[in-house]
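Trainee: File name upload_0.pdb; file contents PDB, C-alpha atoms; full text below.
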```
ATOM      1  CA  MET A  28      27.609-178.823 -24.455
ATOM      2  CA  ILE A  29      30.734-179.402 -26.558
ATOM      3  CA  GLU A  30      28.878-181.967 -28.636
ATOM      4  CA  LEU A  31      26.098-179.459 -29.240
ATOM      5  CA  LEU A  32      28.658-176.904 -30.371
ATOM      6  CA  LEU A  33      30.340-179.402 -32.674
ATOM      7  CA  GLU A  34      27.015-180.455 -34.172
ATOM      8  CA  ASN A  35      26.132-176.854 -35.003
ATOM      9  CA  LYS A  36      29.499-175.914 -36.443
ATOM     10  CA  GLU A  37      28.072-173.894 -39.346
ATOM     11  CA  LEU A  38      25.779-171.911 -37.069
ATOM     12  CA  ILE A  39      28.691-171.231 -34.688
ATOM     13  CA  LYS A  40      30.730-170.002 -37.650
ATOM     14  CA  ILE A  41      28.035-167.520 -38.683
ATOM     15  CA  LEU A  42      27.492-166.303 -35.113
ATOM     16  CA  TYR A  43      31.238-165.925 -34.681
ATOM     17  CA  ALA A  44      31.547-163.874 -37.879
ATOM     18  CA  LEU A  45      28.554-161.722 -36.952
ATOM     19  CA  ALA A  46      29.998-161.055 -33.494
ATOM     20  CA  ILE A  47      33.370-159.996 -34.923
ATOM     21  CA  MET A  48      31.751-157.868 -37.649
ATOM     22  CA  PHE A  49      29.453-156.184 -35.153
ATOM     23  CA  ILE A  50      32.356-155.384 -32.818
ATOM     24  CA  CYS A  51      34.467-154.029 -35.701
ATOM     25  CA  ALA A  52      31.616-151.866 -37.000
ATOM     26  CA  PHE A  53      30.978-150.591 -33.491
ATOM     27  CA  ILE A  54      34.649-149.696 -32.954
ATOM     28  CA  VAL A  55      34.849-147.884 -36.311
ATOM     29  CA  LEU A  56      31.625-145.944 -35.702
ATOM     30  CA  LYS A  57      32.324-145.195 -32.060
ATOM     31  CA  THR A  58      35.738-143.703 -32.842
ATOM     32  CA  ASP A  59      34.454-141.682 -35.799
ATOM     33  CA  ARG A  60      33.674-138.581 -33.772
ATOM     34  CA  LEU A  61      37.057-138.637 -32.022
ATOM     35  CA  PHE A  62      38.734-138.903 -35.389
ATOM     36  CA  GLN A  63      36.607-136.217 -37.053
ATOM     37  CA  LEU A  64      37.394-133.800 -34.243
ATOM     38  CA  SER A  65      41.091-134.545 -33.915
ATOM     39  CA  LEU A  66      42.144-135.913 -37.346
ATOM     40  CA  HIS A  67      44.680-137.893 -35.301
ATOM     41  CA  LYS A  68      46.615-140.236 -37.576
ATOM     42  CA  GLY A  69      46.964-142.945 -34.917
ATOM     43  CA  ILE A  70      43.204-143.093 -34.436
ATOM     44  CA  ARG A  71      42.845-143.270 -38.208
ATOM     45  CA  TYR A  72      45.182-146.274 -38.576
ATOM     46  CA  PHE A  73      43.579-147.980 -35.572
ATOM     47  CA  ARG A  74      40.144-147.575 -37.191
ATOM     48  CA  ASN A  75      41.481-148.830 -40.512
ATOM     49  CA  ALA A  76      42.638-152.021 -38.781
ATOM     50  CA  PHE A  77      39.146-152.797 -37.502
ATOM     51  CA  PHE A  78      37.560-151.736 -40.780
ATOM     52  CA  PHE A  79      39.768-154.254 -42.601
ATOM     53  CA  TYR A  80      39.033-156.989 -40.039
ATOM     54  CA  GLY A  81      35.301-156.344 -40.456
ATOM     55  CA  VAL A  82      35.450-156.437 -44.263
ATOM     56  CA  GLY A  83      37.615-159.579 -44.175
ATOM     57  CA  PHE A  84      35.147-161.455 -41.970
ATOM     58  CA  PHE A  85      32.234-160.233 -44.073
ATOM     59  CA  ILE A  86      33.827-161.631 -47.237
ATOM     60  CA  ARG A  87      34.909-164.922 -45.659
ATOM     61  CA  TYR A  88      31.788-165.862 -43.726
ATOM     62  CA  ILE A  89      28.862-163.909 -45.158
ATOM     63  CA  LEU A  90      29.682-163.307 -48.808
ATOM     64  CA  SER A  91      31.437-166.628 -49.468
ATOM     65  CA  PRO A  92      28.279-168.660 -50.314
ATOM     66  CA  TYR A  93      27.592-166.203 -53.138
ATOM     67  CA  LEU A  94      31.112-166.144 -54.595
ATOM     68  CA  PRO A  95      32.238-168.980 -56.847
ATOM     69  CA  ASN A  96      35.909-169.671 -56.115
ATOM     70  CA  TYR A  97      36.916-170.732 -52.589
ATOM     71  CA  PHE A  98      40.572-169.835 -53.082
ATOM     72  CA  PHE A  99      39.643-166.425 -54.403
ATOM     73  CA  ILE A 100      37.444-165.782 -51.338
ATOM     74  CA  PHE A 101      40.075-167.061 -48.965
ATOM     75  CA  SER A 102      42.752-164.967 -50.684
ATOM     76  CA  LEU A 103      40.619-161.850 -50.274
ATOM     77  CA  PHE A 104      39.961-162.730 -46.623
ATOM     78  CA  GLU A 105      43.671-163.290 -46.077
ATOM     79  CA  PHE A 106      44.548-159.992 -47.752
ATOM     80  CA  PHE A 107      42.195-158.014 -45.499
ATOM     81  CA  LEU A 108      43.305-159.900 -42.390
ATOM     82  CA  VAL A 109      47.026-159.385 -42.995
ATOM     83  CA  THR A 110      46.545-155.726 -43.932
ATOM     84  CA  ALA A 111      44.478-155.196 -40.767
ATOM     85  CA  GLY A 112      47.389-156.607 -38.743
ATOM     86  CA  PHE A 113      49.761-154.186 -40.479
ATOM     87  CA  PHE A 114      47.431-151.266 -39.719
ATOM     88  CA  LEU A 115      47.284-152.259 -36.046
ATOM     89  CA  LEU A 116      51.082-152.436 -35.948
ATOM     90  CA  TYR A 117      51.424-149.111 -37.783
ATOM     91  CA  SER A 118      48.950-147.392 -35.441
ATOM     92  CA  LEU A 119      51.564-147.918 -32.703
ATOM     93  CA  LEU A 120      54.551-146.973 -34.849
ATOM     94  CA  TRP A 121      53.350-144.206 -37.174
ATOM     95  CA  LYS A 122      55.041-141.439 -35.192
ATOM     96  CA  ASN A 123      58.432-142.922 -36.126
ATOM     97  CA  PHE A 124      57.675-142.599 -39.824
ATOM     98  CA  GLU A 125      55.432-139.553 -40.142
ATOM     99  CA  ASP A 126      55.386-136.024 -38.825
ATOM    100  CA  PRO A 127      52.491-135.825 -36.318
ATOM    101  CA  ASN A 128      52.104-132.143 -37.137
ATOM    102  CA  LYS A 129      51.604-132.656 -40.851
ATOM    103  CA  LYS A 130      48.154-133.391 -42.174
ATOM    104  CA  SER A 131      47.972-136.553 -44.254
ATOM    105  CA  VAL A 132      45.853-136.722 -47.360
ATOM    106  CA  SER A 133      44.705-140.301 -47.081
ATOM    107  CA  SER A 134      45.380-143.210 -44.749
ATOM    108  CA  LEU A 135      44.345-145.800 -47.330
ATOM    109  CA  PHE A 136      46.077-144.483 -50.417
ATOM    110  CA  ASN A 137      49.547-143.248 -49.630
ATOM    111  CA  PRO A 138      52.958-144.682 -50.532
ATOM    112  CA  LYS A 139      53.704-146.004 -47.030
ATOM    113  CA  ILE A 140      50.418-147.860 -46.871
ATOM    114  CA  PHE A 141      51.013-149.301 -50.340
ATOM    115  CA  ILE A 142      53.979-151.144 -48.842
ATOM    116  CA  PHE A 143      51.509-152.950 -46.555
ATOM    117  CA  TYR A 144      49.219-153.762 -49.458
ATOM    118  CA  LEU A 145      52.190-155.087 -51.387
ATOM    119  CA  MET A 146      53.406-157.226 -48.481
ATOM    120  CA  SER A 147      49.892-158.558 -47.891
ATOM    121  CA  ALA A 148      49.555-159.372 -51.593
ATOM    122  CA  VAL A 149      52.887-161.237 -51.554
ATOM    123  CA  ILE A 150      51.786-163.283 -48.522
ATOM    124  CA  VAL A 151      48.463-164.079 -50.208
ATOM    125  CA  LEU A 152      50.187-165.088 -53.461
ATOM    126  CA  LEU A 153      52.705-167.314 -51.662
ATOM    127  CA  ASP A 154      49.879-169.134 -49.901
ATOM    128  CA  TYR A 155      47.899-169.316 -53.139
ATOM    129  CA  PHE A 156      50.717-170.867 -55.152
ATOM    130  CA  TRP A 157      51.699-173.318 -52.417
ATOM    131  CA  GLN A 158      48.029-173.959 -51.552
ATOM    132  CA  THR A 159      48.781-173.516 -47.850
ATOM    133  CA  TYR A 160      48.027-171.138 -44.979
ATOM    134  CA  TYR A 161      51.568-171.207 -43.576
ATOM    135  CA  PHE A 162      52.570-167.764 -44.772
ATOM    136  CA  LEU A 163      49.414-166.289 -43.248
ATOM    137  CA  PHE A 164      50.121-167.991 -39.921
ATOM    138  CA  LEU A 165      53.782-167.026 -39.971
ATOM    139  CA  SER A 166      53.063-163.388 -40.848
ATOM    140  CA  GLN A 167      50.409-163.069 -38.140
ATOM    141  CA  ILE A 168      52.571-164.716 -35.491
ATOM    142  CA  ILE A 169      55.410-162.301 -36.338
ATOM    143  CA  ILE A 170      53.080-159.272 -36.381
ATOM    144  CA  PHE A 171      51.495-160.092 -33.020
ATOM    145  CA  VAL A 172      54.863-160.802 -31.374
ATOM    146  CA  ILE A 173      55.987-157.327 -32.524
ATOM    147  CA  VAL A 174      52.706-155.567 -31.604
ATOM    148  CA  GLY A 175      52.697-157.294 -28.197
ATOM    149  CA  ALA A 176      56.317-156.285 -27.531
ATOM    150  CA  ILE A 177      55.712-152.671 -28.617
ATOM    151  CA  SER A 178      52.524-152.289 -26.586
ATOM    152  CA  TYR A 179      54.172-153.755 -23.487
ATOM    153  CA  SER A 180      57.253-151.567 -23.851
ATOM    154  CA  LYS A 181      54.953-148.542 -24.268
ATOM    155  CA  TYR A 182      53.206-149.565 -21.058
ATOM    156  CA  LEU A 183      56.546-149.863 -19.226
ATOM    157  CA  GLN A 184      57.710-146.462 -20.505
ATOM    158  CA  ASP A 185      54.397-144.800 -19.692
ATOM    159  CA  LYS A 186      54.881-142.739 -16.531
ATOM    160  CA  VAL A 187      51.145-142.404 -15.883
ATOM    161  CA  LYS A 188      50.600-146.175 -16.443
ATOM    162  CA  HIS A 189      47.434-145.920 -18.501
ATOM    163  CA  LYS A 190      45.425-148.991 -17.610
ATOM    164  CA  PHE A 191      44.383-150.081 -21.061
ATOM    165  CA  MET A 192      47.955-150.376 -22.363
ATOM    166  CA  LYS A 193      48.394-153.429 -20.150
ATOM    167  CA  GLN A 194      45.131-154.929 -21.406
ATOM    168  CA  TYR A 195      46.243-154.139 -24.952
ATOM    169  CA  SER A 196      49.395-156.212 -24.402
ATOM    170  CA  PHE A 197      47.284-158.985 -22.896
ATOM    171  CA  ALA A 198      44.999-158.915 -25.961
ATOM    172  CA  MET A 199      48.089-159.248 -28.147
ATOM    173  CA  VAL A 200      49.268-162.288 -26.167
ATOM    174  CA  LEU A 201      45.811-163.804 -26.710
ATOM    175  CA  SER A 202      46.013-162.968 -30.434
ATOM    176  CA  LEU A 203      49.383-164.637 -30.635
ATOM    177  CA  SER A 204      47.990-167.702 -28.829
ATOM    178  CA  ALA A 205      45.021-167.822 -31.199
ATOM    179  CA  TRP A 206      47.290-167.744 -34.267
ATOM    180  CA  VAL A 207      49.649-170.359 -32.844
ATOM    181  CA  LEU A 208      46.654-172.573 -32.072
ATOM    182  CA  ASN A 209      45.299-171.954 -35.562
ATOM    183  CA  ALA A 210      48.633-172.993 -37.052
ATOM    184  CA  LEU A 211      48.708-176.103 -34.852
ATOM    185  CA  ALA A 212      45.140-176.949 -35.875
ATOM    186  CA  SER A 213      46.244-176.813 -39.497
ATOM    187  CA  LEU A 214      49.559-178.642 -39.079
ATOM    188  CA  TRP A 215      48.820-181.303 -36.472
ATOM    189  CA  PHE A 216      45.151-181.485 -35.600
ATOM    190  CA  SER A 217      43.742-181.595 -39.167
ATOM    191  CA  TRP A 218      41.380-178.719 -38.405
ATOM    192  CA  ASN A 219      39.957-180.363 -35.294
ATOM    193  CA  SER A 220      36.580-178.713 -34.609
ATOM    194  CA  LEU A 221      37.193-178.318 -30.899
ATOM    195  CA  VAL A 222      40.511-176.543 -31.464
ATOM    196  CA  ILE A 223      38.844-174.272 -34.025
ATOM    197  CA  ILE A 224      36.055-173.409 -31.576
ATOM    198  CA  ILE A 225      38.695-172.500 -28.987
ATOM    199  CA  VAL A 226      40.321-170.222 -31.610
ATOM    200  CA  TYR A 227      36.918-168.618 -32.293
ATOM    201  CA  LEU A 228      36.404-168.088 -28.590
ATOM    202  CA  LEU A 229      39.846-166.539 -28.156
ATOM    203  CA  ASN A 230      39.232-164.203 -31.091
ATOM    204  CA  VAL A 231      35.873-163.073 -29.726
ATOM    205  CA  ILE A 232      37.504-162.356 -26.347
ATOM    206  CA  ILE A 233      40.264-160.315 -28.059
ATOM    207  CA  PHE A 234      37.769-158.219 -30.033
ATOM    208  CA  LEU A 235      35.610-157.793 -26.918
ATOM    209  CA  LEU A 236      38.650-156.498 -25.039
ATOM    210  CA  PHE A 237      39.154-153.848 -27.709
ATOM    211  CA  LEU A 238      35.459-153.016 -27.684
ATOM    212  CA  TYR A 239      35.618-152.605 -23.905
ATOM    213  CA  GLY A 240      38.583-150.234 -24.267
ATOM    214  CA  VAL A 241      36.858-148.202 -26.959
ATOM    215  CA  LEU A 242      33.637-147.945 -24.943
ATOM    216  CA  LYS A 243      35.517-147.025 -21.797
ATOM    217  CA  PHE A 244      37.604-144.295 -23.387
ATOM    218  CA  THR A 245      35.047-142.765 -25.707
ATOM    219  CA  ARG A 246      32.438-142.291 -23.011
ATOM    220  CA  GLN A 247      31.497-138.700 -22.229
ATOM    221  CA  ARG A 248      32.725-137.555 -18.846
TER     222      ARG A 248
ATOM    223  CA  MET B  22      64.789-128.725 -22.904
ATOM    224  CA  THR B  23      61.082-128.194 -23.466
ATOM    225  CA  ARG B  24      59.045-130.864 -25.185
ATOM    226  CA  LYS B  25      57.721-130.114 -28.648
ATOM    227  CA  ARG B  26      53.943-129.854 -28.557
ATOM    228  CA  GLU B  27      51.977-132.194 -30.738
ATOM    229  CA  ARG B  28      49.429-130.981 -33.259
ATOM    230  CA  LEU B  29      46.479-131.866 -31.060
ATOM    231  CA  GLU B  30      48.002-130.091 -28.081
ATOM    232  CA  VAL B  31      48.667-126.942 -30.132
ATOM    233  CA  ILE B  32      45.050-126.890 -31.315
ATOM    234  CA  LYS B  33      43.859-127.275 -27.729
ATOM    235  CA  ASP B  34      46.146-124.426 -26.552
ATOM    236  CA  VAL B  35      44.970-122.085 -29.324
ATOM    237  CA  LEU B  36      41.315-122.850 -28.668
ATOM    238  CA  GLU B  37      41.770-122.423 -24.919
ATOM    239  CA  SER B  38      43.304-118.996 -25.492
ATOM    240  CA  VAL B  39      40.287-117.994 -27.569
ATOM    241  CA  ARG B  40      37.876-119.365 -24.980
ATOM    242  CA  ALA B  41      39.647-117.685 -22.071
ATOM    243  CA  ASN B  42      39.400-114.302 -23.789
ATOM    244  CA  ARG B  43      35.915-114.821 -25.228
ATOM    245  CA  LYS B  44      37.140-112.891 -28.291
ATOM    246  CA  ILE B  45      40.740-112.254 -29.111
ATOM    247  CA  LYS B  46      42.646-110.186 -31.664
ATOM    248  CA  PRO B  47      44.850-112.124 -34.128
ATOM    249  CA  THR B  48      48.067-110.544 -32.849
ATOM    250  CA  ARG B  49      47.270-111.364 -29.240
ATOM    251  CA  LEU B  50      46.376-114.915 -30.197
ATOM    252  CA  LEU B  51      49.698-115.252 -32.039
ATOM    253  CA  TYR B  52      51.583-114.333 -28.868
ATOM    254  CA  ALA B  53      49.388-116.520 -26.700
ATOM    255  CA  SER B  54      49.767-119.527 -28.979
ATOM    256  CA  ASN B  55      53.570-119.462 -28.810
ATOM    257  CA  LEU B  56      53.860-120.375 -32.494
ATOM    258  CA  SER B  57      55.891-118.907 -35.333
ATOM    259  CA  PRO B  58      53.843-116.606 -37.621
ATOM    260  CA  GLN B  59      54.024-119.194 -40.399
ATOM    261  CA  MET B  60      52.812-122.074 -38.192
ATOM    262  CA  PHE B  61      50.215-119.806 -36.620
ATOM    263  CA  LYS B  62      48.789-119.016 -40.045
ATOM    264  CA  GLU B  63      48.606-122.713 -40.916
ATOM    265  CA  TYR B  64      46.873-123.625 -37.672
ATOM    266  CA  ILE B  65      44.436-120.716 -37.872
ATOM    267  CA  ASN B  66      43.490-121.599 -41.436
ATOM    268  CA  GLU B  67      42.908-125.185 -40.338
ATOM    269  CA  LEU B  68      40.817-124.155 -37.344
ATOM    270  CA  ILE B  69      38.698-121.832 -39.478
ATOM    271  CA  GLU B  70      38.331-124.530 -42.120
ATOM    272  CA  LYS B  71      37.233-127.033 -39.454
ATOM    273  CA  GLU B  72      34.872-124.402 -38.061
ATOM    274  CA  PHE B  73      36.432-124.465 -34.605
ATOM    275  CA  ILE B  74      36.907-120.689 -34.606
ATOM    276  CA  LYS B  75      35.592-117.863 -36.751
ATOM    277  CA  LEU B  76      36.781-114.413 -37.552
ATOM    278  CA  GLU B  77      34.436-111.633 -36.534
ATOM    279  CA  ILE B  78      34.656-108.035 -37.581
ATOM    280  CA  ASP B  79      33.596-105.396 -35.124
ATOM    281  CA  ASP B  80      31.367-103.073 -37.173
ATOM    282  CA  ASP B  81      30.791-100.560 -34.363
ATOM    283  CA  LYS B  82      33.931 -98.654 -35.196
ATOM    284  CA  LYS B  83      33.245 -95.689 -37.386
ATOM    285  CA  SER B  84      36.155 -95.736 -39.833
ATOM    286  CA  ALA B  85      37.661 -98.658 -41.670
ATOM    287  CA  LYS B  86      40.979 -97.931 -39.999
ATOM    288  CA  GLN B  87      39.438 -98.568 -36.645
ATOM    289  CA  GLU B  88      37.817-101.785 -37.781
ATOM    290  CA  LYS B  89      38.794-104.591 -35.464
ATOM    291  CA  ARG B  90      38.993-108.277 -36.159
ATOM    292  CA  PHE B  91      38.554-110.927 -33.513
ATOM    293  CA  PHE B  92      38.631-114.659 -33.307
ATOM    294  CA  VAL B  93      35.754-116.273 -31.455
ATOM    295  CA  LEU B  94      35.147-119.880 -30.517
ATOM    296  CA  THR B  95      32.365-121.730 -32.343
ATOM    297  CA  LYS B  96      30.122-124.447 -30.925
ATOM    298  CA  LYS B  97      32.288-127.049 -32.654
ATOM    299  CA  GLY B  98      35.430-125.560 -31.131
ATOM    300  CA  PHE B  99      33.826-125.629 -27.720
ATOM    301  CA  GLU B 100      32.867-129.271 -28.237
ATOM    302  CA  PHE B 101      36.459-130.077 -29.215
ATOM    303  CA  LEU B 102      37.735-128.595 -25.963
ATOM    304  CA  GLN B 103      35.193-130.576 -24.001
ATOM    305  CA  GLU B 104      36.180-133.780 -25.775
ATOM    306  CA  TYR B 105      39.907-133.106 -25.818
ATOM    307  CA  LYS B 106      40.403-135.062 -22.584
ATOM    308  CA  ILE B 107      38.564-138.026 -24.077
ATOM    309  CA  ILE B 108      40.654-137.893 -27.259
ATOM    310  CA  GLU B 109      43.856-137.574 -25.229
ATOM    311  CA  GLY B 110      42.839-140.472 -22.957
ATOM    312  CA  PHE B 111      41.978-142.657 -25.921
ATOM    313  CA  VAL B 112      45.239-141.929 -27.747
ATOM    314  CA  GLN B 113      47.346-142.582 -24.659
ATOM    315  CA  ASN B 114      45.535-145.726 -23.578
ATOM    316  CA  PHE B 115      45.804-147.282 -27.029
ATOM    317  CA  GLY B 116      49.400-146.121 -27.497
ATOM    318  CA  LEU B 117      48.499-144.335 -30.748
TER     319      LEU B 117
END
```
What's the structure tokens form of this structure?

Mentor:
Amino acid sequence: MIELLLENKELIKILYALAIMFICAFIVLKTDRLFQLSLHKGIRYFRNAFFFYGVGFFIRYILSPYLPNYFFIFSLFEFFLVTAGFFLLYSLLWKNFEDPNKKSVSSLFNPKIFIFYLMSAVIVLLDYFWQTYYFLFLSQIIIFVIVGAISYSKYLQDKVKHKFMKQYSFAMVLSLSAWVLNALASLWFSWNSLVIIIVYLLNVIIFLLFLYGVLKFTRQR
Amino acid sequence: MTRKRERLEVIKDVLESVRANRKIKPTRLLYASNLSPQMFKEYINELIEKEFIKLEIDDDKKSAKQEKRFFVLTKKGFEFLQEYKIIEGFVQNFGL
């Protein structure tokens, strides 16, 4: 089985990207009505995160054969990935920085969000100039430690104990594990195919967990 | 100390007041909404803009002085109220 997977690495890569893109598109579309009705800023930032993940995977795995420069493609992928992480983090924190009662003009083009774009661009440039992925790994590990801690503390403070908050924290622990494993694969395992497949599998599970949450809580009662 | 209502909660309260009364005069809705006149105006404009409520004028009255204006819930407003629980559940479960 493992040998079969290793032999069809390219096919696995495409299937993996398609699965992630499909899940992201589904999450964005499925939450559209909730957002249109409520104009809730948290829902908006949450959707932005999955929109950016989807675009990132599309560029990296689907568009890459048609684009000339590998580093350019990877830099774009990295930019979308890091920004998506920032959006996910900000979807949990936005109430500390914005007035929930004020309507915002745009969630993609406002000064606060430009800070994320700037930070993502700096991370991408650092990796580009050093020709490494270390800054990507480091940034993602830091982001998911913070998101995991915030989501778990929200779960602990939640008097009603909403079930998905616990799963959210679990998904963040998995995300953190996937990024640590990814970093290890780069640093010590020279991109060992088996380790990479485990990372793919972990990522699919994480996105499926979010999809499950979205499906569960957007269903009509 | 009472908790400050969030935007979504205020919208739900205003719409529920309109639904409970079937049609409601602006002044009565202002009292029922428990908002300042300035905030009330902002919310009402938003709700009209989003087509959650509409202003109806009662033409039956003979003189213009007697003309009465009412807010009524639209289909979209009714749908919002039905989906409010879902929105609330989603926001709370995802910590948004």

Trainee: Evaluating the PyMOL selection byres ((chain A and resi 103) around 12) on the displayed file yields which residues, as a count of residues only?

Mentor: 34

Trainee: Mind checking which residues fall within 7 Å of segment 35-45 of chain B, counting only C-alpha atoms, ignoring those fewer than 2 positions away in the same chain, and posting them as a ChimeraX atom specification?

Mentor: /B:31-33,47,49-50,53-54,91-94,98

Trainee: Could you spell out the hits of the ChimeraX specification (/B :<8) & /A on the shown file, as number ranges by chain?

Mentor: A: 61, 64-65, 67, 69-70, 73, 118-120, 127-128, 178, 181, 189-192, 195, 241, 244-248

Trainee: Restricting the output to C-alpha atoms, write the selected residues as a PDB file, in the frame of the given file.

Mentor:
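The resulting selection08.pdb:
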```pdb
ATOM      1  CA  LEU A  61      37.057-138.637 -32.022  1.00  0.00           C
ATOM      2  CA  LEU A  64      37.394-133.800 -34.243  1.00  0.00           C
ATOM      3  CA  SER A  65      41.091-134.545 -33.915  1.00  0.00           C
ATOM      4  CA  HIS A  67      44.680-137.893 -35.301  1.00  0.00           C
ATOM      5  CA  GLY A  69      46.964-142.945 -34.917  1.00  0.00           C
ATOM      6  CA  ILE A  70      43.204-143.093 -34.436  1.00  0.00           C
ATOM      7  CA  PHE A  73      43.579-147.980 -35.572  1.00  0.00           C
ATOM      8  CA  SER A 118      48.950-147.392 -35.441  1.00  0.00           C
ATOM      9  CA  LEU A 119      51.564-147.918 -32.703  1.00  0.00           C
ATOM     10  CA  LEU A 120      54.551-146.973 -34.849  1.00  0.00           C
ATOM     11  CA  PRO A 127      52.491-135.825 -36.318  1.00  0.00           C
ATOM     12  CA  ASN A 128      52.104-132.143 -37.137  1.00  0.00           C
ATOM     13  CA  SER A 178      52.524-152.289 -26.586  1.00  0.00           C
ATOM     14  CA  LYS A 181      54.953-148.542 -24.268  1.00  0.00           C
ATOM     15  CA  HIS A 189      47.434-145.920 -18.501  1.00  0.00           C
ATOM     16  CA  LYS A 190      45.425-148.991 -17.610  1.00  0.00           C
ATOM     17  CA  PHE A 191      44.383-150.081 -21.061  1.00  0.00           C
ATOM     18  CA  MET A 192      47.955-150.376 -22.363  1.00  0.00           C
ATOM     19  CA  TYR A 195      46.243-154.139 -24.952  1.00  0.00           C
ATOM     20  CA  VAL A 241      36.858-148.202 -26.959  1.00  0.00           C
ATOM     21  CA  PHE A 244      37.604-144.295 -23.387  1.00  0.00           C
ATOM     22  CA  THR A 245      35.047-142.765 -25.707  1.00  0.00           C
ATOM     23  CA  ARG A 246      32.438-142.291 -23.011  1.00  0.00           C
ATOM     24  CA  GLN A 247      31.497-138.700 -22.229  1.00  0.00           C
ATOM     25  CA  ARG A 248      32.725-137.555 -18.846  1.00  0.00           C
TER      26      ARG A 248
END
```

Trainee: Which residues are near Arg74 of chain A? Cut-off 8 Å, only C-alpha atoms, ignore same chain within fewer than 3 positions. Put them as number ranges by chain.

Mentor: A: 54-55, 58, 70-71, 77-78

Trainee: Closest to Val231 of chain A among A:Leu66, A:Ala205, A:Leu116, A:Val200, using only C-alpha atoms?

Mentor: A:Ala205

Trainee: Let me know the residues the PyMOL selection byres ((chain B and resi 90) around 8) catches in the file above, as a ChimeraX atom specification.

Mentor: /B:46-47,76-79,88-89,91-92

Trainee: By how many Å are atom CA of Cys51 of chain A and atom CA of Val187 of chain A apart?

Mentor: 28.4 Å

Trainee: Between A:Trp206, A:Lys243, A:Val222, A:Asn75, which is the closest to Leu56 of chain A once you count all atoms listed in the file?

Mentor: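 Once distances to Leu56 of chain A are computed over all atoms listed in the file, the minimum belongs to A:Asn75.
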
Trainee: Mind pulling up the distance from atom CA of Pro138 of chain A to atom CA of Gln167 of chain A?

Mentor: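 Taking atom CA of Gln167 of chain A as the start and atom CA of Pro138 of chain A as the end point, the length is 22.3 Å.
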
Trainee: If I take atom CA of Ala44 of chain A and atom CA of Leu228 of chain A, how far is one from the other in Å, to one decimal?

Mentor: 11.3 Å
